[in-house]
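S.K.: Okay, so here is structure-v4.pdb, and as you'll see once you scroll down, it has PDB, C-alpha atoms.
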ATOM      1  CA  MET A   1      25.976 -11.371  35.702
ATOM      2  CA  THR A   2      26.275  -7.812  34.464
ATOM      3  CA  LEU A   3      23.656  -5.121  34.765
ATOM      4  CA  LEU A   4      23.152  -5.291  30.996
ATOM      5  CA  ASN A   5      22.256  -8.992  31.231
ATOM      6  CA  THR A   6      19.656  -8.299  33.910
ATOM      7  CA  ILE A   7      17.968  -5.603  31.823
ATOM      8  CA  ILE A   8      17.955  -7.461  28.513
ATOM      9  CA  PRO A   9      16.279 -10.881  28.442
ATOM     10  CA  SER A  10      18.473 -13.769  27.371
ATOM     11  CA  ILE A  11      16.497 -14.400  24.196
ATOM     12  CA  ARG A  12      18.857 -15.234  21.372
ATOM     13  CA  ARG A  13      18.193 -12.744  18.606
ATOM     14  CA  PRO A  14      20.315 -12.501  15.499
ATOM     15  CA  LEU A  15      22.483  -9.411  15.578
ATOM     16  CA  PRO A  16      22.020  -6.927  12.746
ATOM     17  CA  PRO A  17      24.682  -6.991  10.053
ATOM     18  CA  PRO A  18      27.359  -4.276  10.204
ATOM     19  CA  ALA A  19      26.363  -1.046   8.494
ATOM     20  CA  ASP A  20      28.718  -1.701   5.562
ATOM     21  CA  THR A  21      27.022  -4.996   4.630
ATOM     22  CA  ALA A  22      23.425  -3.876   5.161
ATOM     23  CA  LYS A  23      23.011  -2.862   1.524
ATOM     24  CA  SER A  24      24.090  -6.260   0.236
ATOM     25  CA  ALA A  25      22.198  -8.304   2.810
ATOM     26  CA  GLY A  26      19.821  -9.710   0.192
ATOM     27  CA  PRO A  27      16.111  -9.094   0.000
ATOM     28  CA  GLY A  28      14.815  -6.220   2.056
ATOM     29  CA  GLN A  29      12.339  -6.313   4.863
ATOM     30  CA  LYS A  30       8.755  -5.292   4.166
ATOM     31  CA  PRO A  31       7.905  -2.015   5.914
ATOM     32  CA  ALA A  32       4.579  -1.305   7.604
ATOM     33  CA  TYR A  33       2.193   0.471   5.244
ATOM     34  CA  GLN A  34      -1.410   1.615   4.873
ATOM     35  CA  ILE A  35      -3.527   2.343   1.791
ATOM     36  CA  THR A  36      -6.675   4.451   1.782
ATOM     37  CA  GLU A  37      -8.899   5.359  -1.166
ATOM     38  CA  ASN A  38     -11.095   8.235  -2.222
ATOM     39  CA  ASP A  39     -12.842   8.998  -5.537
ATOM     40  CA  ASP A  40      -9.742  10.507  -7.169
ATOM     41  CA  ALA A  41      -6.734   8.648  -5.754
ATOM     42  CA  TYR A  42      -5.179   6.130  -3.415
ATOM     43  CA  GLN A  43      -3.115   7.399  -0.485
ATOM     44  CA  LEU A  44      -0.120   5.238   0.471
ATOM     45  CA  ILE A  45       1.595   5.719   3.852
ATOM     46  CA  VAL A  46       4.820   3.740   4.412
ATOM     47  CA  GLN A  47       6.851   3.625   7.647
ATOM     48  CA  LEU A  48      10.570   3.883   6.772
ATOM     49  CA  PRO A  49      12.450   4.728   9.998
ATOM     50  CA  GLY A  50      16.041   5.789   9.433
ATOM     51  CA  VAL A  51      15.575   6.487   5.697
ATOM     52  CA  ASP A  52      16.205   9.924   4.209
ATOM     53  CA  LYS A  53      15.498  11.237   0.703
ATOM     54  CA  SER A  54      18.902  10.221  -0.644
ATOM     55  CA  GLY A  55      18.263   6.585   0.334
ATOM     56  CA  LEU A  56      14.746   6.367  -1.136
ATOM     57  CA  ASP A  57      13.775   5.051  -4.579
ATOM     58  CA  ILE A  58      10.171   4.921  -5.799
ATOM     59  CA  THR A  59       9.365   3.492  -9.221
ATOM     60  CA  SER A  60       6.141   2.862 -11.080
ATOM     61  CA  GLY A  61       5.782   0.628 -14.097
ATOM     62  CA  ASN A  62       4.655  -2.762 -15.396
ATOM     63  CA  GLY A  63       1.663  -2.791 -13.074
ATOM     64  CA  GLU A  64       3.596  -2.256  -9.850
ATOM     65  CA  ILE A  65       4.732   0.428  -7.432
ATOM     66  CA  ARG A  66       8.139  -0.326  -5.864
ATOM     67  CA  VAL A  67       9.468   1.482  -2.781
ATOM     68  CA  VAL A  68      13.078   0.805  -1.724
ATOM     69  CA  GLY A  69      14.571   2.548   1.306
ATOM     70  CA  ARG A  70      18.151   2.336   2.512
ATOM     71  CA  ARG A  71      19.058   3.523   5.998
ATOM     72  CA  ALA A  72      21.811   6.115   6.319
ATOM     73  CA  TRP A  73      23.026   5.061   9.787
ATOM     74  CA  LYS A  74      26.746   4.438  10.303
ATOM     75  CA  GLN A  75      28.168   2.597  13.273
ATOM     76  CA  PRO A  76      30.332   4.908  15.412
ATOM     77  CA  GLU A  77      34.023   4.095  15.698
ATOM     78  CA  ASN A  78      34.992   1.880  18.682
ATOM     79  CA  TRP A  79      31.350   0.997  19.271
ATOM     80  CA  THR A  80      30.003  -2.486  19.981
ATOM     81  CA  LEU A  81      26.345  -3.438  19.593
ATOM     82  CA  ARG A  82      25.041  -5.207  22.709
ATOM     83  CA  HIS A  83      21.369  -5.480  21.786
ATOM     84  CA  GLY A  84      19.441  -4.664  18.616
ATOM     85  CA  GLU A  85      15.690  -4.422  18.068
ATOM     86  CA  SER A  86      15.836  -4.202  14.286
ATOM     87  CA  ASP A  87      18.306  -5.032  11.593
ATOM     88  CA  LEU A  88      19.798  -2.573   9.147
ATOM     89  CA  SER A  89      18.588  -4.287   6.009
ATOM     90  CA  THR A  90      16.964  -2.387   3.175
ATOM     91  CA  TYR A  91      13.220  -1.788   3.167
ATOM     92  CA  GLU A  92      11.423  -3.053   0.077
ATOM     93  CA  LEU A  93       7.720  -2.819  -0.697
ATOM     94  CA  VAL A  94       6.199  -3.943  -3.997
ATOM     95  CA  LEU A  95       2.503  -3.300  -4.636
ATOM     96  CA  THR A  96       0.834  -4.558  -7.802
ATOM     97  CA  HIS A  97      -2.081  -2.854  -9.521
ATOM     98  CA  ASP A  98      -4.172  -3.216 -12.683
ATOM     99  CA  ASN A  99      -2.515  -0.308 -14.560
ATOM    100  CA  LEU A 100      -5.421   1.880 -13.512
ATOM    101  CA  LEU A 101      -3.203   4.589 -12.018
ATOM    102  CA  ASN A 102      -2.095   7.812 -13.646
ATOM    103  CA  SER A 103       1.662   7.244 -13.176
ATOM    104  CA  ASP A 104       2.546  10.698 -14.509
ATOM    105  CA  ARG A 105       0.771  12.397 -11.606
ATOM    106  CA  ILE A 106       2.080  10.312  -8.680
ATOM    107  CA  SER A 107       3.488  12.518  -5.929
ATOM    108  CA  ALA A 108       5.351  11.636  -2.746
ATOM    109  CA  GLU A 109       6.748  13.310   0.363
ATOM    110  CA  LEU A 110       9.109  11.858   2.988
ATOM    111  CA  ARG A 111       9.061  13.422   6.438
ATOM    112  CA  ASP A 112      10.572  11.962   9.627
ATOM    113  CA  GLY A 113      10.758   8.446   8.180
ATOM    114  CA  VAL A 114       7.152   8.421   6.954
ATOM    115  CA  LEU A 115       6.495   8.337   3.205
ATOM    116  CA  ALA A 116       3.160   9.751   2.034
ATOM    117  CA  ALA A 117       2.420   9.066  -1.644
ATOM    118  CA  THR A 118      -0.657  10.034  -3.645
ATOM    119  CA  LEU A 119      -1.472   7.587  -6.436
ATOM    120  CA  PRO A 120      -4.066   9.259  -8.711
ATOM    121  CA  LYS A 121      -6.567   7.015 -10.443
ATOM    122  CA  ALA A 122      -6.773   6.992 -14.222
ATOM    123  CA  GLU A 123      -9.731   8.918 -15.625
ATOM    124  CA  ALA A 124     -11.311   5.689 -16.900
ATOM    125  CA  VAL A 125     -11.878   4.332 -13.378
ATOM    126  CA  LYS A 126     -13.030   7.487 -11.613
ATOM    127  CA  PRO A 127     -16.729   7.566 -10.780
ATOM    128  CA  ARG A 128     -18.675  10.050 -12.869
ATOM    129  CA  LYS A 129     -22.200  11.324 -12.774
ATOM    130  CA  ILE A 130     -24.321  10.518 -15.797
ATOM    131  CA  THR A 131     -27.030  12.995 -16.718
ATOM    132  CA  VAL A 132     -30.363  11.699 -17.901
ATOM    133  CA  ASN A 133     -32.123  13.504 -20.773
TER     134      ASN A 133
END
Could you spell out this file's structure in structure tokens?
M.R.:
Amino acid sequence: MTLLNTIIPSIRRPLPPPADTAKSAGPGQKPAYQITENDDAYQLIVQLPGVDKSGLDITSGNGEIRVVGRRAWKQPENWTLRHGESDLSTYELVLTHDNLLNSDRISAELRDGVLAATLPKAEAVKPRKITVN
């Protein structure tokens, strides 16, 4: 028994696909995310470890927000994976809404694998104060 076998439990986990096939591995895995709301907008936070700006696509339309993230990691030459905690598949998150967002004003920032997007509400759904005469 090697030292590696004593450190890593003998649980049979599927190995991640090689980096070259990760993009074509089929449907992506759903990333962890959080949505908060205030009077003017929704705030969406999505965990996308290993994704940089060039591998990120965000689209809005037809009542949905779609976030697709592709990891930019390449396997080093002459390197063999012995144990993997996560696979290299694409992240994909699809959130549906009632077309009550102002899609023209959506903004997003990616920093250290964390996407922060502001989804402004349409004027029709924002609370407003009504004056009484």
S.K.: One decimal, in Å: what's the spacing between atom CA of Tyr91 of chain A and atom CA of Thr36 of chain A?
M.R.: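 Answer for the atom CA of Tyr91 of chain A to atom CA of Thr36 of chain A separation: 20.9 Å.
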S.K.: What is the distance between atom CA of His97 of chain A and atom CA of Gln43 of chain A, in Å to one decimal?
M.R.: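 Computing the Euclidean distance for atom CA of His97 of chain A and atom CA of Gln43 of chain A yields 13.7 Å.
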S.K.: Give the answer as one residue: which of A:Leu95, A:Ala124, A:Asp112, A:Ala32 has the shortest atom-to-atom distance to Glu64 of chain A, using only C-alpha atoms?
M.R.: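 That would be A:Leu95, the residue with the smallest distance to Glu64 of chain A.
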S.K.: Translate the PyMOL selection byres ((chain A and resi 70) around 9) into a concrete residue list for this structure, as number ranges by chain.
M.R.: A: 22-23, 48, 50-52, 54-57, 68-69, 71-72, 88-92
S.K.: Restrict the selected residues to C-alpha atoms and save them as a CSV table (one decimal), keeping the file's coordinate frame.
M.R.:
chain,number,residue,atom,x,y,z
A,22,ALA,CA,23.4,-3.9,5.2
A,23,LYS,CA,23.0,-2.9,1.5
A,48,LEU,CA,10.6,3.9,6.8
A,50,GLY,CA,16.0,5.8,9.4
A,51,VAL,CA,15.6,6.5,5.7
A,52,ASP,CA,16.2,9.9,4.2
A,54,SER,CA,18.9,10.2,-0.6
A,55,GLY,CA,18.3,6.6,0.3
A,56,LEU,CA,14.7,6.4,-1.1
A,57,ASP,CA,13.8,5.1,-4.6
A,68,VAL,CA,13.1,0.8,-1.7
A,69,GLY,CA,14.6,2.5,1.3
A,71,ARG,CA,19.1,3.5,6.0
A,72,ALA,CA,21.8,6.1,6.3
A,88,LEU,CA,19.8,-2.6,9.1
A,89,SER,CA,18.6,-4.3,6.0
A,90,THR,CA,17.0,-2.4,3.2
A,91,TYR,CA,13.2,-1.8,3.2
A,92,GLU,CA,11.4,-3.1,0.1
S.K.: Applied to this file, what does the PyMOL selection byres ((chain A and resi 121) around 7) return in terms of residues, put as an mmCIF file with C-alpha atoms, in the frame of the given file?
M.R.:
data_model
loop_
_atom_site.group_PDB
_atom_site.id
_atom_site.type_symbol
_atom_site.label_atom_id
_atom_site.label_comp_id
_atom_site.auth_asym_id
_atom_site.auth_seq_id
_atom_site.Cartn_x
_atom_site.Cartn_y
_atom_site.Cartn_z
ATOM 1 C CA ASP A 40 -9.742 10.507 -7.169
ATOM 2 C CA ALA A 41 -6.734 8.648 -5.754
ATOM 3 C CA LEU A 100 -5.421 1.880 -13.512
ATOM 4 C CA LEU A 101 -3.203 4.589 -12.018
ATOM 5 C CA ASN A 102 -2.095 7.812 -13.646
ATOM 6 C CA LEU A 119 -1.472 7.587 -6.436
ATOM 7 C CA PRO A 120 -4.066 9.259 -8.711
ATOM 8 C CA ALA A 122 -6.773 6.992 -14.222
ATOM 9 C CA GLU A 123 -9.731 8.918 -15.625
ATOM 10 C CA VAL A 125 -11.878 4.332 -13.378
ATOM 11 C CA LYS A 126 -13.030 7.487 -11.613
#
S.K.: For atom CA of Glu109 of chain A and atom CA of Asn62 of chain A, quote the distance in Å rounded to one decimal.
M.R.: 22.6 Å
S.K.: Given the file shown, enumerate the residues that the PyMOL selection byres ((chain A and resi 116) around 12) captures and present them as a VMD selection string.
M.R.: chain A and resid 33 to 36 42 to 48 58 67 106 to 115 117 to 119
S.K.: Keeping only C-alpha atoms, write the selected residues to a file as a CSV table (one decimal), keeping the file's coordinate frame.
M.R.:
chain,number,residue,atom,x,y,z
A,33,TYR,CA,2.2,0.5,5.2
A,34,GLN,CA,-1.4,1.6,4.9
A,35,ILE,CA,-3.5,2.3,1.8
A,36,THR,CA,-6.7,4.5,1.8
A,42,TYR,CA,-5.2,6.1,-3.4
A,43,GLN,CA,-3.1,7.4,-0.5
A,44,LEU,CA,-0.1,5.2,0.5
A,45,ILE,CA,1.6,5.7,3.9
A,46,VAL,CA,4.8,3.7,4.4
A,47,GLN,CA,6.9,3.6,7.6
A,48,LEU,CA,10.6,3.9,6.8
A,58,ILE,CA,10.2,4.9,-5.8
A,67,VAL,CA,9.5,1.5,-2.8
A,106,ILE,CA,2.1,10.3,-8.7
A,107,SER,CA,3.5,12.5,-5.9
A,108,ALA,CA,5.4,11.6,-2.7
A,109,GLU,CA,6.7,13.3,0.4
A,110,LEU,CA,9.1,11.9,3.0
A,111,ARG,CA,9.1,13.4,6.4
A,112,ASP,CA,10.6,12.0,9.6
A,113,GLY,CA,10.8,8.4,8.2
A,114,VAL,CA,7.2,8.4,7.0
A,115,LEU,CA,6.5,8.3,3.2
A,117,ALA,CA,2.4,9.1,-1.6
A,118,THR,CA,-0.7,10.0,-3.6
A,119,LEU,CA,-1.5,7.6,-6.4
